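**Student:** I have a structure I would like to understand better, so I am pasting it below and will then ask my questions one at a time.
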Amino acid sequence: LAGGWAVTGPTQVTAEQGGSLRVSCSYKPGYELYSKYWCRPGFLWFCFTYITQTNGSEVTVTQGMVSIRDNHTAHSFTVMLSGVTPGDAGRYFCGVRRRL
């Protein structure tokens with residue numbers, strides 16, 4: 001589950017169909033103002049589908065049944081998925097989007 005070069009998260013989580021899922025990912029100090037994301041990997045483990053992402057602030061971003069919120073003080077962000085379906089099964093990554 002954990003992905004990205006500056007992020008750690010759980011290796012496996014489970015949820016019941018129709019239920020909700022909460023995942024917390026931690027990142028290294030210094031990346032508070034960077035965008036954080038939740039994605040599904042594709043070819044060669046690169047993120048294929050970005051499901052949701054922050055803009056670097058602590059404002060909760062909600063897209064459909066998924067929300068993400070960053071906590072700069074705790075150096076972590078939380079992803080919430082509600083209304084879990086069998087189609088949600090699979091591998092996901094959380095990460096920090098680097099500025100070039």
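Note on naming: chains are A, B, ... as they come in the structure tokens, residues start from 1 per chain, ligands start from 1 in the order shown.
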Enumerate, as a ChimeraX atom specification, the complete set of residues in stretch 60-97 of chain A that a backbone-based DSSP assignment places in strand (DSSP E or B).

**Tutor:** /A:61-63,66-71,76-82,93-97

**Student:** Do you know which residues are at most 10 Å from A:Pro41 counting only C-alpha atoms, after dropping those on the same chain fewer than 3 positions away, and could you put them as a PyMOL selection string?

**Tutor:** chain A and resi 1+3+38+44-50+90-93

**Student:** Considering only C-alpha atoms, state which residue in the set A:Asn55, A:Thr60, A:Thr8, A:Thr73 is at the smallest distance from A:Leu33.

**Tutor:**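 Using only C-alpha atoms, the shortest distance to A:Leu33 belongs to A:Asn55.
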
**Student:** Please identify all polymer residues within 9 Å of stretch 80-89 of chain A, counting only C-alpha atoms, omitting same-chain residues fewer than 5 positions from it, and present them as a VMD selection string.

**Tutor:** chain A and resid 14 to 24 65 to 69

**Student:** Between A:Ala6, A:Val96, A:Cys39, A:Cys25, which one has atoms that come closest to A:Ile51, using only C-alpha atoms?

**Tutor:**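 Comparing A:Ala6, A:Val96, A:Cys39, A:Cys25 against A:Ile51, the winner is A:Cys39.
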
**Student:** If you run DSSP on the backbone here, which positions in chain A get helix (DSSP H, G or I)? Please write them as a list in words.

**Tutor:** Phe43, Leu44, Trp45, Pro86, Gly87 and Asp88 of chain A
